[in-house]
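K.L.:
If it helps, the file is called target.cif and holds mmCIF, C-alpha atoms:
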data_model
#
loop_
_atom_site.label_atom_id
_atom_site.label_comp_id
_atom_site.auth_asym_id
_atom_site.auth_seq_id
_atom_site.Cartn_x
_atom_site.Cartn_y
_atom_site.Cartn_z
CA MET A 20 16.53 -38.25 -6.71
CA SER A 21 15.73 -39.63 -3.27
CA ALA A 22 12.19 -40.36 -2.18
CA VAL A 23 10.72 -38.51 0.80
CA VAL A 24 7.54 -40.61 0.92
CA GLN A 25 7.27 -44.26 -0.05
CA ALA A 26 3.89 -45.78 0.69
CA GLU A 27 2.80 -49.22 -0.38
CA GLY A 28 -0.61 -50.80 -0.06
CA LEU A 29 -1.93 -48.30 2.48
CA TYR A 30 -5.37 -49.25 3.81
CA ARG A 31 -7.55 -47.43 6.26
CA HIS A 32 -11.08 -48.59 7.03
CA PHE A 33 -13.79 -47.05 9.17
CA HIS A 34 -16.88 -48.68 10.56
CA GLY A 35 -19.90 -46.48 10.02
CA ASP A 36 -23.18 -48.07 11.21
CA GLY A 37 -21.64 -51.53 10.91
CA VAL A 38 -20.79 -50.98 7.24
CA PRO A 39 -17.03 -50.84 6.65
CA ILE A 40 -15.99 -47.74 4.72
CA ARG A 41 -12.75 -48.06 2.82
CA ALA A 42 -11.43 -44.51 3.22
CA VAL A 43 -8.00 -45.37 1.83
CA ASP A 44 -8.09 -48.50 -0.24
CA GLY A 45 -4.67 -49.77 -1.23
CA VAL A 46 -2.70 -46.65 -2.09
CA ASP A 47 0.85 -46.87 -3.48
CA LEU A 48 2.64 -43.56 -3.58
CA ILE A 49 6.17 -42.23 -4.03
CA VAL A 50 6.95 -38.54 -3.56
CA ASP A 51 10.46 -37.43 -4.48
CA GLN A 52 12.58 -34.87 -2.70
CA GLY A 53 11.57 -31.36 -3.84
CA GLU A 54 8.36 -32.50 -5.50
CA ALA A 55 5.04 -30.68 -5.00
CA VAL A 56 2.00 -32.93 -5.31
CA SER A 57 -1.63 -31.92 -5.12
CA ILE A 58 -4.40 -34.41 -4.39
CA MET A 59 -7.90 -33.65 -5.63
CA GLY A 60 -11.10 -35.65 -5.54
CA PRO A 61 -14.73 -35.44 -4.46
CA SER A 62 -15.65 -35.05 -0.79
CA GLY A 63 -15.29 -38.35 1.02
CA CYS A 64 -12.85 -39.81 -1.53
CA GLY A 65 -10.29 -40.36 1.24
CA LYS A 66 -7.81 -37.63 0.39
CA SER A 67 -7.70 -36.12 3.88
CA THR A 68 -7.40 -39.56 5.45
CA LEU A 69 -4.47 -40.32 3.14
CA LEU A 70 -2.77 -37.09 4.25
CA HIS A 71 -3.35 -38.02 7.89
CA LEU A 72 -1.77 -41.42 7.26
CA LEU A 73 1.28 -39.81 5.66
CA GLY A 74 1.69 -37.54 8.68
CA GLY A 75 0.97 -40.15 11.32
CA LEU A 76 -2.20 -38.46 12.57
CA GLU A 77 -3.95 -41.75 11.78
CA ARG A 78 -2.57 -45.27 11.47
CA PRO A 79 -3.03 -47.50 8.45
CA ASP A 80 -4.82 -50.83 8.97
CA ALA A 81 -2.36 -52.32 6.49
CA GLY A 82 0.53 -51.25 4.31
CA THR A 83 4.03 -49.88 4.68
CA LEU A 84 5.15 -46.28 4.95
CA VAL A 85 8.71 -44.98 4.72
CA LEU A 86 9.52 -41.30 5.34
CA GLY A 87 13.01 -40.37 4.24
CA ASP A 88 14.95 -43.50 5.12
CA GLN A 89 12.84 -44.50 8.12
CA ARG A 90 10.09 -47.11 8.18
CA VAL A 91 7.32 -45.51 10.23
CA ASP A 92 4.14 -47.58 9.95
CA GLY A 93 4.95 -49.59 13.08
CA LEU A 94 6.01 -46.67 15.27
CA SER A 95 4.49 -46.11 18.69
CA GLU A 96 2.42 -43.00 19.39
CA ALA A 97 5.31 -41.38 21.26
CA ALA A 98 7.83 -42.17 18.54
CA TRP A 99 5.46 -40.75 15.92
CA ALA A 100 5.04 -37.56 17.96
CA ARG A 101 8.82 -37.10 18.12
CA LEU A 102 9.25 -37.85 14.42
CA ARG A 103 6.41 -35.56 13.43
CA ARG A 104 7.88 -32.55 15.22
CA ARG A 105 11.19 -32.91 13.42
CA THR A 106 10.20 -34.04 9.96
CA ILE A 107 6.67 -32.95 9.15
CA GLY A 108 5.05 -29.53 8.91
CA PHE A 109 1.26 -29.55 8.94
CA VAL A 110 -0.97 -26.80 7.57
CA PHE A 111 -4.70 -27.19 8.24
CA GLN A 112 -7.80 -25.51 6.92
CA ALA A 113 -8.73 -24.39 10.45
CA PHE A 114 -5.17 -23.19 11.29
CA HIS A 115 -5.07 -24.99 14.70
CA LEU A 116 -3.01 -22.35 16.45
CA VAL A 117 -2.85 -22.28 20.26
CA ASP A 118 -5.26 -19.51 21.30
CA GLU A 119 -3.35 -18.57 24.45
CA LEU A 120 -0.01 -18.05 22.68
CA THR A 121 1.03 -15.08 20.55
CA ALA A 122 1.82 -15.55 16.86
CA VAL A 123 5.57 -15.80 17.42
CA GLU A 124 5.11 -18.16 20.40
CA ASN A 125 2.98 -20.42 18.21
CA VAL A 126 5.66 -20.45 15.54
CA GLU A 127 8.57 -21.21 17.90
CA LEU A 128 6.69 -23.88 19.86
CA PRO A 129 7.69 -26.88 17.70
CA ALA A 130 11.34 -25.75 17.88
CA VAL A 131 11.22 -25.43 21.67
CA LEU A 132 9.58 -28.86 21.87
CA ILE A 133 12.53 -30.52 20.12
CA GLY A 134 14.97 -28.78 22.46
CA SER A 135 16.16 -25.78 20.45
CA PRO A 136 17.47 -22.99 22.69
CA ARG A 137 14.68 -20.44 23.21
CA ARG A 138 16.68 -17.55 21.91
CA ALA A 139 17.55 -19.34 18.64
CA ALA A 140 13.97 -20.53 18.25
CA ARG A 141 12.67 -16.98 18.69
CA ARG A 142 15.14 -15.63 16.16
CA ARG A 143 14.16 -18.24 13.57
CA ALA A 144 10.45 -17.70 14.24
CA MET A 145 10.82 -13.96 13.65
CA GLN A 146 12.78 -14.57 10.44
CA LEU A 147 10.00 -16.82 9.16
CA LEU A 148 7.28 -14.33 10.10
CA GLU A 149 9.21 -11.69 8.20
CA ARG A 150 9.61 -13.94 5.19
CA LEU A 151 5.86 -14.62 5.24
CA ASN A 152 5.14 -10.92 5.60
CA VAL A 153 3.35 -11.08 8.95
CA ALA A 154 6.14 -10.01 11.36
CA ASP A 155 4.14 -6.94 12.44
CA ARG A 156 1.62 -9.32 14.06
CA ALA A 157 4.22 -11.34 15.99
CA SER A 158 3.02 -10.31 19.45
CA HIS A 159 -0.71 -10.63 18.71
CA LEU A 160 -2.90 -13.46 19.94
CA PRO A 161 -4.60 -15.49 17.19
CA ASP A 162 -8.01 -13.95 17.84
CA ARG A 163 -6.61 -10.59 16.73
CA LEU A 164 -5.46 -11.91 13.35
CA SER A 165 -7.27 -12.20 10.00
CA GLY A 166 -7.65 -15.57 8.28
CA GLY A 167 -4.81 -14.84 5.89
CA GLN A 168 -2.52 -13.81 8.76
CA LEU A 169 -3.47 -16.92 10.76
CA GLN A 170 -2.61 -19.17 7.85
CA ARG A 171 0.74 -17.44 7.33
CA VAL A 172 1.54 -17.90 11.03
CA ALA A 173 0.51 -21.55 10.73
CA LEU A 174 2.76 -21.93 7.69
CA ALA A 175 5.67 -20.38 9.61
CA ARG A 176 5.03 -22.87 12.41
CA ALA A 177 5.02 -25.71 9.89
CA LEU A 178 8.41 -24.58 8.56
CA ILE A 179 10.22 -23.80 11.80
CA ASN A 180 11.99 -27.17 12.13
CA GLU A 181 12.87 -27.27 8.43
CA PRO A 182 10.68 -30.29 7.82
CA LEU A 183 11.43 -33.00 5.33
CA LEU A 184 7.81 -32.81 4.22
CA VAL A 185 5.03 -30.20 4.40
CA LEU A 186 1.47 -31.57 4.40
CA ALA A 187 -1.38 -29.13 3.77
CA ASP A 188 -5.09 -29.98 4.09
CA GLU A 189 -7.32 -27.44 2.30
CA PRO A 190 -4.94 -24.62 3.26
CA THR A 191 -7.10 -21.95 1.61
CA GLY A 192 -10.47 -23.42 2.59
CA ASN A 193 -11.18 -20.63 5.10
CA LEU A 194 -9.60 -17.76 3.20
CA ASP A 195 -10.97 -15.02 0.98
CA SER A 196 -9.64 -14.51 -2.51
CA HIS A 197 -6.97 -11.97 -1.56
CA ALA A 198 -5.59 -14.10 1.30
CA THR A 199 -5.68 -17.14 -0.98
CA ASN A 200 -3.50 -15.33 -3.51
CA GLU A 201 -0.94 -14.56 -0.83
CA ILE A 202 -0.82 -18.19 0.30
CA LEU A 203 -0.50 -19.29 -3.34
CA ARG A 204 2.51 -17.05 -3.79
CA LEU A 205 4.06 -18.44 -0.62
CA PHE A 206 3.51 -22.02 -1.78
CA ALA A 207 5.07 -21.16 -5.14
CA GLY A 208 8.06 -19.76 -3.24
CA LEU A 209 8.32 -22.91 -1.11
CA ARG A 210 8.22 -25.05 -4.21
CA GLU A 211 11.02 -23.06 -5.81
CA ALA A 212 13.06 -23.39 -2.62
CA GLY A 213 12.84 -27.17 -3.07
CA GLN A 214 10.42 -27.91 -0.22
CA THR A 215 8.67 -31.25 -0.65
CA LEU A 216 4.97 -30.57 -0.44
CA VAL A 217 1.76 -32.62 -0.49
CA LEU A 218 -1.47 -30.61 -0.74
CA VAL A 219 -5.03 -31.82 -0.43
CA THR A 220 -7.41 -29.33 -1.97
CA HIS A 221 -10.68 -28.54 -3.71
CA ASP A 222 -9.29 -25.25 -4.97
CA PRO A 223 -8.02 -25.43 -8.56
CA ARG A 224 -5.71 -22.46 -7.90
CA VAL A 225 -3.95 -24.36 -5.11
CA ALA A 226 -3.78 -27.56 -7.13
CA ALA A 227 -2.22 -25.69 -10.04
CA THR A 228 0.75 -24.58 -7.92
CA ALA A 229 1.96 -28.18 -7.77
CA GLU A 230 3.71 -29.84 -10.69
CA ARG A 231 2.07 -33.19 -10.08
CA LEU A 232 -1.64 -33.90 -9.69
CA MET A 233 -3.22 -36.99 -8.22
CA THR A 234 -6.95 -37.65 -8.37
CA MET A 235 -8.62 -39.87 -5.77
CA ARG A 236 -11.94 -41.63 -5.98
CA ASP A 237 -13.38 -44.14 -3.49
CA GLY A 238 -10.14 -44.37 -1.55
CA ALA A 239 -7.93 -45.07 -4.56
CA ILE A 240 -5.64 -42.95 -6.68
CA VAL A 241 -7.23 -43.12 -10.12
CA ASP A 242 -5.05 -40.58 -11.91
CA ASP A 243 -1.47 -39.43 -11.41
CA THR A 244 -0.16 -36.91 -13.87
CA ARG A 245 2.31 -34.07 -14.35
CA LEU A 246 1.04 -30.55 -14.77
CA ASP A 247 4.32 -29.09 -16.01
CA GLY A 248 5.82 -29.73 -19.40
CA GLY A 249 2.38 -29.36 -20.95
CA ALA A 250 1.36 -27.14 -23.83
CA PRO A 251 4.09 -24.72 -24.88
CA ARG A 252 3.70 -21.15 -23.76
CA GLN A 253 2.58 -19.83 -27.15
CA ALA A 254 -0.17 -22.41 -27.50
CA VAL A 255 -1.47 -21.58 -24.02
CA LEU A 256 -1.45 -17.87 -24.81
CA ARG A 257 -3.34 -18.44 -28.05
CA GLN A 258 -5.98 -20.44 -26.22
CA LEU A 259 -6.24 -17.64 -23.67
CA ALA A 260 -6.69 -15.06 -26.33
CA GLY A 261 -9.37 -17.18 -27.93
CA TRP A 262 -7.45 -17.37 -31.20
CA GLU A 263 -6.84 -20.61 -33.02
CA ALA A 264 -3.87 -22.59 -31.69
CA MET B 11 -9.12 -7.53 -32.79
CA ARG B 12 -10.34 -5.22 -35.56
CA GLU B 13 -12.41 -3.08 -33.20
CA ALA B 14 -9.73 -3.09 -30.52
CA MET B 15 -7.21 -1.72 -33.01
CA LEU B 16 -9.69 0.88 -34.16
CA ALA B 17 -10.25 1.92 -30.54
CA LEU B 18 -6.52 2.28 -29.94
CA LEU B 19 -6.31 4.56 -32.98
CA ALA B 20 -9.28 6.58 -31.69
CA LYS B 21 -7.10 7.58 -28.76
CA GLU B 22 -4.55 9.13 -31.13
CA PRO B 23 -3.25 8.45 -34.63
CA ALA B 24 -0.37 6.02 -34.98
CA HIS B 25 1.66 4.19 -37.60
CA GLY B 26 1.69 0.41 -37.71
CA TYR B 27 4.60 -0.15 -35.38
CA GLU B 28 3.27 2.26 -32.74
CA LEU B 29 -0.08 0.53 -32.88
CA ARG B 30 1.56 -2.83 -32.26
CA GLN B 31 3.33 -1.37 -29.23
CA ARG B 32 0.05 -0.07 -27.81
CA LEU B 33 -1.62 -3.38 -28.38
CA ALA B 34 1.24 -5.15 -26.60
CA GLY B 35 0.91 -2.82 -23.63
CA ALA B 36 -2.78 -3.61 -23.28
CA LEU B 37 -2.49 -7.37 -23.75
CA GLY B 38 0.58 -8.24 -21.67
CA PRO B 39 2.05 -11.66 -22.47
CA VAL B 40 -0.89 -12.53 -24.72
CA ALA B 41 0.58 -10.01 -27.20
CA GLU B 42 3.27 -12.58 -28.00
CA VAL B 43 0.80 -14.50 -30.12
CA VAL B 44 -0.39 -11.50 -32.13
CA ASN B 45 0.93 -11.93 -35.64
CA PRO B 46 2.49 -8.59 -36.70
CA GLY B 47 1.30 -9.21 -40.24
CA GLN B 48 -2.27 -9.43 -38.93
CA VAL B 49 -1.97 -5.85 -37.65
CA TYR B 50 -1.01 -4.50 -41.08
CA VAL B 51 -3.63 -6.54 -42.90
CA THR B 52 -6.30 -5.31 -40.49
CA LEU B 53 -5.17 -1.71 -41.00
CA SER B 54 -5.62 -1.91 -44.75
CA ARG B 55 -9.04 -3.52 -44.33
CA LEU B 56 -10.07 -0.73 -41.96
CA GLU B 57 -8.84 1.80 -44.50
CA ARG B 58 -10.78 0.18 -47.35
CA ALA B 59 -13.88 0.18 -45.13
CA GLY B 60 -13.47 3.92 -44.59
CA LEU B 61 -13.02 3.56 -40.82
CA VAL B 62 -9.43 4.86 -40.82
CA ARG B 63 -7.51 7.18 -43.11
CA GLY B 64 -3.82 6.64 -43.86
CA VAL B 65 -1.63 9.72 -44.30
CA GLN B 66 1.91 9.53 -45.67
CA VAL B 67 4.33 11.42 -43.47
CA ALA B 68 7.77 12.31 -44.81
CA GLN B 69 10.72 11.54 -42.55
CA SER B 70 14.18 13.04 -43.01
CA ALA B 71 16.33 10.06 -42.01
CA ALA B 72 13.98 7.22 -42.96
CA PRO B 73 11.46 6.25 -45.64
CA ASP B 74 8.01 7.86 -45.44
CA LYS B 75 5.68 6.27 -42.94
CA LYS B 76 1.93 5.94 -43.03
CA VAL B 77 0.10 7.30 -40.01
CA TYR B 78 -3.45 6.11 -39.49
CA GLU B 79 -6.22 8.17 -37.96
CA VAL B 80 -9.81 7.28 -37.24
CA THR B 81 -12.56 8.72 -39.47
CA ALA B 82 -15.96 9.87 -38.18
CA ALA B 83 -17.42 6.51 -39.27
CA GLY B 84 -14.58 4.76 -37.43
CA ARG B 85 -15.30 6.68 -34.24
CA GLU B 86 -18.95 5.64 -34.49
CA ALA B 87 -17.92 2.00 -34.95
CA VAL B 88 -15.72 2.19 -31.84
CA THR B 89 -18.55 3.62 -29.76
CA ALA B 90 -20.93 0.92 -30.97
CA TRP B 91 -18.34 -1.74 -30.10
CA LEU B 92 -17.80 -0.31 -26.62
CA LEU B 93 -21.52 -0.25 -25.87
CA ASP B 94 -22.24 -3.72 -27.29
CA SER B 95 -22.83 -6.08 -24.37
CA SER B 96 -22.61 -9.40 -26.18
CA TRP B 97 -20.30 -11.88 -24.47
CA PRO B 98 -18.29 -14.78 -25.85
CA LYS B 99 -20.15 -18.01 -25.24
CA VAL B 100 -19.42 -19.53 -21.87
CA ALA B 101 -21.54 -22.69 -21.82
CA PRO B 102 -19.32 -25.72 -22.50
CA VAL B 103 -21.94 -27.26 -24.75
CA GLU B 104 -19.60 -29.41 -26.77
CA PHE B 105 -17.96 -31.10 -23.78
CA HIS B 106 -21.35 -31.75 -22.22
CA LEU B 107 -22.50 -33.44 -25.42
CA LYS B 108 -19.29 -35.49 -25.51
CA LEU B 109 -20.10 -36.89 -22.07
CA VAL B 110 -23.61 -37.76 -23.11
CA ALA B 111 -22.30 -39.38 -26.30
CA ALA B 112 -19.53 -41.27 -24.49
CA ALA B 113 -22.00 -42.81 -22.07
CA GLY B 114 -24.60 -43.43 -24.76
CA THR B 115 -22.30 -45.14 -27.25
CA GLY B 116 -19.96 -46.84 -24.78
CA LEU B 117 -17.06 -45.66 -26.99
CA ALA B 118 -15.41 -43.85 -24.07
CA ASP B 119 -15.76 -43.62 -20.31
CA PRO B 120 -17.26 -40.25 -19.36
CA VAL B 121 -15.33 -40.13 -16.09
CA ALA B 122 -12.06 -40.74 -17.93
CA LEU B 123 -12.93 -37.87 -20.28
CA ILE B 124 -13.57 -35.66 -17.25
CA ASP B 125 -10.22 -36.62 -15.71
CA ALA B 126 -8.40 -35.87 -18.95
CA GLN B 127 -10.16 -32.55 -19.33
CA ARG B 128 -9.37 -31.58 -15.74
CA ARG B 129 -5.69 -32.32 -16.30
CA GLU B 130 -5.67 -30.14 -19.38
CA LEU B 131 -7.47 -27.23 -17.69
CA LEU B 132 -5.21 -27.42 -14.62
CA ARG B 133 -2.17 -27.32 -16.89
CA ARG B 134 -3.51 -24.16 -18.47
CA LEU B 135 -4.40 -22.67 -15.10
CA ARG B 136 -0.90 -23.41 -13.89
CA GLU B 137 0.58 -21.63 -16.90
CA VAL B 138 -1.74 -18.64 -16.46
CA GLN B 139 -0.85 -18.36 -12.77
CA ARG B 140 2.85 -18.43 -13.60
CA LEU B 141 2.40 -15.74 -16.26
CA ALA B 142 0.37 -13.64 -13.82
CA GLU B 143 3.06 -14.08 -11.19
CA ALA B 144 5.71 -12.77 -13.59
CA GLU B 145 3.54 -9.85 -14.69
CA PHE B 146 2.69 -9.05 -11.09
CA ALA B 147 6.38 -8.94 -10.24
CA ASP B 148 6.90 -6.47 -13.12
CA ASP B 149 3.91 -4.42 -11.96
CA LYS B 150 2.20 -4.52 -15.37
CA ASP B 151 -1.39 -4.11 -14.31
CA ASP B 152 -3.19 -4.31 -17.65
CA GLY B 153 -1.76 -7.69 -18.54
CA VAL B 154 -2.42 -9.04 -15.03
CA LEU B 155 -6.12 -8.20 -15.30
CA LEU B 156 -6.48 -10.13 -18.53
CA LEU B 157 -4.71 -13.13 -17.00
CA GLU B 158 -6.92 -12.92 -13.92
CA GLY B 159 -9.98 -13.12 -16.16
CA SER B 160 -8.57 -16.22 -17.84
CA ALA B 161 -7.72 -17.79 -14.49
CA LEU B 162 -11.22 -17.22 -13.12
CA ARG B 163 -12.82 -18.79 -16.19
CA LEU B 164 -10.57 -21.81 -15.96
CA GLN B 165 -11.46 -22.19 -12.29
CA ALA B 166 -15.15 -22.05 -13.10
CA ASP B 167 -14.72 -24.72 -15.79
CA ILE B 168 -12.75 -26.95 -13.41
CA ARG B 169 -15.48 -26.61 -10.79
CA TRP B 170 -18.08 -27.46 -13.38
CA LEU B 171 -16.10 -30.64 -14.15
CA GLU B 172 -16.57 -31.56 -10.48
CA SER B 173 -20.33 -31.40 -10.98
CA CYS B 174 -19.95 -33.51 -14.12
CA GLU B 175 -17.90 -36.03 -12.17
CA GLU B 176 -20.56 -36.28 -9.50
CA ARG B 177 -23.22 -36.91 -12.11
CA TRP B 178 -21.34 -39.38 -14.26
CA THR B 179 -19.52 -41.41 -11.63
CA GLY B 180 -20.85 -44.94 -11.47
CA ARG B 181 -23.68 -44.55 -13.94
CA THR B 182 -24.27 -45.30 -17.57
CA ARG B 183 -27.13 -44.66 -19.91
#
Can I see the file as structure tokens?

P.N.:
Amino acid sequence: MSAVVQAEGLYRHFHGDGVPIRAVDGVDLIVDQGEAVSIMGPSGCGKSTLLHLLGGLERPDAGTLVLGDQRVDGLSEAAWARLRRRTIGFVFQAFHLVDELTAVENVELPAVLIGSPRRAARRRAMQLLERLNVADRASHLPDRLSGGQLQRVALARALINEPLLVLADEPTGNLDSHATNEILRLFAGLREAGQTLVLVTHDPRVAATAERLMTMRDGAIVDDTRLDGGAPRQAVLRQLAGWEA
Amino acid sequence: MREAMLALLAKEPAHGYELRQRLAGALGPVAEVVNPGQVYVTLSRLERAGLVRGVQVAQSAAPDKKVYEVTAAGREAVTAWLLDSSWPKVAPVEFHLKLVAAAGTGLADPVALIDAQRRELLRRLREVQRLAEAEFADDKDDGVLLLEGSALRLQADIRWLESCEERWTGRTR
């Protein structure tokens, strides 16, 4: 299996009031093609910073990063921007849609930016909105959409250029329980379709959609474990029922 | 289990196999772990206790079957069970005491115990969510509700582990 992310010795420091804060403190990480990884950890453990490093929204102070077969840690801002559009889909807690554009215009934007013909971009955007069950809101501006609809539009935008990697930062952080369930189902669908996915989350439901869990503390990955292949079905059911395993 | 079976019989009389089917309908995938033998053993206990009455029914093409119906005492027991508001214990006392003991004795690292427990609970949550997904697709509402209850409890326990982590990180007693 080929690796989508290969990070080695990633460091990122901040200077708060003269005291250096090691937000990401020597992280090694390999994510394989088709793997879904969730990252959990207390607030301030560095998990969002790590995600930003993987997506080039921030630069590491040290370390190497390879996405697909391309070394990216030394790229210029402009080169990162080009790479990001083609290979990375971001999903944020606060959606980050363009307020002045309709839902479908938001979704097709990254495709237009890499030079896809408008007509083809529109067609693909509509297909994605349909797949994510929000096509009836295609011509609405973001301020007319609910949180769940906004996040589905944002997910469609993240997927429009068929990214190598989807990065999601607290994707359900602003959603109610019903909208969260919808997003969970969509993530499960993405996972089954073989999309490589890295999720940063506080929400156990989101974390449990991934088959691999990493725990961060003080900028370091302190636990890296598989969530699948655990207790056999019958044992889980017995525990659920409260009967002896 | 005993009271739940009694309640299902209070709806209408049934023989053992029918009762198992009803139980399966109410439980969803959890029914897989109900031992069929347990159903028959429970039925004879209920009969001995005078809460159900077994009646032999002759069948033309098959051996006689025993149909169970609820007695007046059984109906009373069902009502009492329905109105009883006791609740299975929810406080994770034992795990809490493990953390205290781990830190106190130095025999284990409390934070490592928390990490291990979180892994285990997330594995279970993952399994429950997958089961719920399958049930949801089949539109079996009763089973989905039970799984949702399990999922919510697991989430609460995982969140509680976060509080434990905050308390036990970087400190010893």

K.L.:
Return as a PyMOL selection string the residues belonging to chain A that are within 9 Å of chain B, counting all atoms listed in the file.

P.N.:
chain A and resi 60-61+204+221-224+226-230+232+234+242+244-250+252-260+262

K.L.:
Please report the interatomic distance between atom CA of Leu184 of chain A and atom CA of Arg156 of chain A in Å with one decimal.

P.N.:
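Going from atom CA of Leu184 of chain A over to atom CA of Arg156 of chain A covers 26.2 Å.
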
K.L.:
Could you state which residues are captured by the PyMOL selection byres ((chain B and resi 29) around 10) in this file, as a PyMOL selection string?

P.N.:
chain B and resi 15-16+18-19+22-28+30-35+49-50+53+77-78

K.L.:
Atom CA of Asp92 of chain A and atom CA of Glu77 of chain A, how far apart in Å?

P.N.:
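Between these atoms lies a distance of 10.1 Å.
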
K.L.:
What's around Arg85 of chain B at 10 Å? Count all atoms listed in the file, leave out sequence neighbours fewer than 6 positions away in its own chain, and write the answer as JSON, numbers by chain.

P.N.:
{"B": [16, 17, 19, 20, 21, 61, 62, 79, 91]}

K.L.:
Quick check on the file I pasted: which residues fall under the PyMOL selection byres ((chain A and resi 88) around 12)? Write them as an mmCIF file with C-alpha atoms, in the frame of the given file.

P.N.:
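The file below, expr_12.cif, is the result:
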data_model
loop_
_atom_site.group_PDB
_atom_site.id
_atom_site.type_symbol
_atom_site.label_atom_id
_atom_site.label_comp_id
_atom_site.auth_asym_id
_atom_site.auth_seq_id
_atom_site.Cartn_x
_atom_site.Cartn_y
_atom_site.Cartn_z
ATOM 1 C CA SER A 21 15.730 -39.630 -3.270
ATOM 2 C CA ALA A 22 12.190 -40.360 -2.180
ATOM 3 C CA VAL A 23 10.720 -38.510 0.800
ATOM 4 C CA VAL A 24 7.540 -40.610 0.920
ATOM 5 C CA GLN A 25 7.270 -44.260 -0.050
ATOM 6 C CA GLN A 52 12.580 -34.870 -2.700
ATOM 7 C CA LEU A 84 5.150 -46.280 4.950
ATOM 8 C CA VAL A 85 8.710 -44.980 4.720
ATOM 9 C CA LEU A 86 9.520 -41.300 5.340
ATOM 10 C CA GLY A 87 13.010 -40.370 4.240
ATOM 11 C CA GLN A 89 12.840 -44.500 8.120
ATOM 12 C CA ARG A 90 10.090 -47.110 8.180
ATOM 13 C CA VAL A 91 7.320 -45.510 10.230
ATOM 14 C CA THR A 106 10.200 -34.040 9.960
ATOM 15 C CA LEU A 183 11.430 -33.000 5.330
#

K.L.:
Quick one: residues within 9 Å of Pro161 of chain A, only C-alpha atoms counted, chain neighbours fewer than 2 positions away excluded, as a ChimeraX atom specification?

P.N.:
/A:116-122,159,163-165,168-169

K.L.:
Between atom CA of Gly166 of chain A and atom CA of Ala198 of chain A, what is the spacing in Å?

P.N.:
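Separating atom CA of Ala198 of chain A from atom CA of Gly166 of chain A is a distance of 7.4 Å.
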
K.L.:
Hey, which of A:Gly213, A:Gly35, A:Pro190, A:Gly45 ends up closest to Thr83 of chain A? Count only C-alpha atoms.

P.N.:
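Closest candidate: A:Gly45.
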
K.L.:
Draw an axis-aligned box tight on the listed atoms of segment 43-53 of chain B, then pad every side by 8 Å and write out centre and edge lengths in Å to one decimal as AutoDock Vina command-line options.

P.N.:
--center_x -1.9 --center_y -8.1 --center_z -36.5 --size_x 24.8 --size_y 28.8 --size_z 28.8

K.L.:
May I have the residues within 7 Å of Pro120 of chain B as a CSV table (one decimal) with C-alpha atoms, in the coordinates of the input, using all atoms listed in the file and disregarding those fewer than 6 positions away in the same chain?

P.N.:
chain,number,residue,atom,x,y,z
B,109,LEU,CA,-20.1,-36.9,-22.1
B,112,ALA,CA,-19.5,-41.3,-24.5
B,113,ALA,CA,-22.0,-42.8,-22.1
B,178,TRP,CA,-21.3,-39.4,-14.3

K.L.:
Using the chain letters and numbering of this document, enumerate as an mmCIF file with C-alpha atoms, in the coordinates of the input the residues selected by the PyMOL selection byres ((chain A and resi 111) around 7).

P.N.:
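Final output, out-v6.cif:
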data_model
loop_
_atom_site.group_PDB
_atom_site.id
_atom_site.type_symbol
_atom_site.label_atom_id
_atom_site.label_comp_id
_atom_site.auth_asym_id
_atom_site.auth_seq_id
_atom_site.Cartn_x
_atom_site.Cartn_y
_atom_site.Cartn_z
ATOM 1 C CA PHE A 109 1.260 -29.550 8.940
ATOM 2 C CA VAL A 110 -0.970 -26.800 7.570
ATOM 3 C CA GLN A 112 -7.800 -25.510 6.920
ATOM 4 C CA ALA A 113 -8.730 -24.390 10.450
ATOM 5 C CA PHE A 114 -5.170 -23.190 11.290
ATOM 6 C CA HIS A 115 -5.070 -24.990 14.700
ATOM 7 C CA ALA A 187 -1.380 -29.130 3.770
ATOM 8 C CA ASP A 188 -5.090 -29.980 4.090
ATOM 9 C CA GLU A 189 -7.320 -27.440 2.300
ATOM 10 C CA PRO A 190 -4.940 -24.620 3.260
#

K.L.:
With distances taken over all atoms listed in the file, which residue among B:Thr81, B:Met11, B:Lys108, B:Gln127 lies nearest Arg58 of chain B?

P.N.:
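Nearest candidate to Arg58 of chain B out of B:Thr81, B:Met11, B:Lys108, B:Gln127: B:Thr81.
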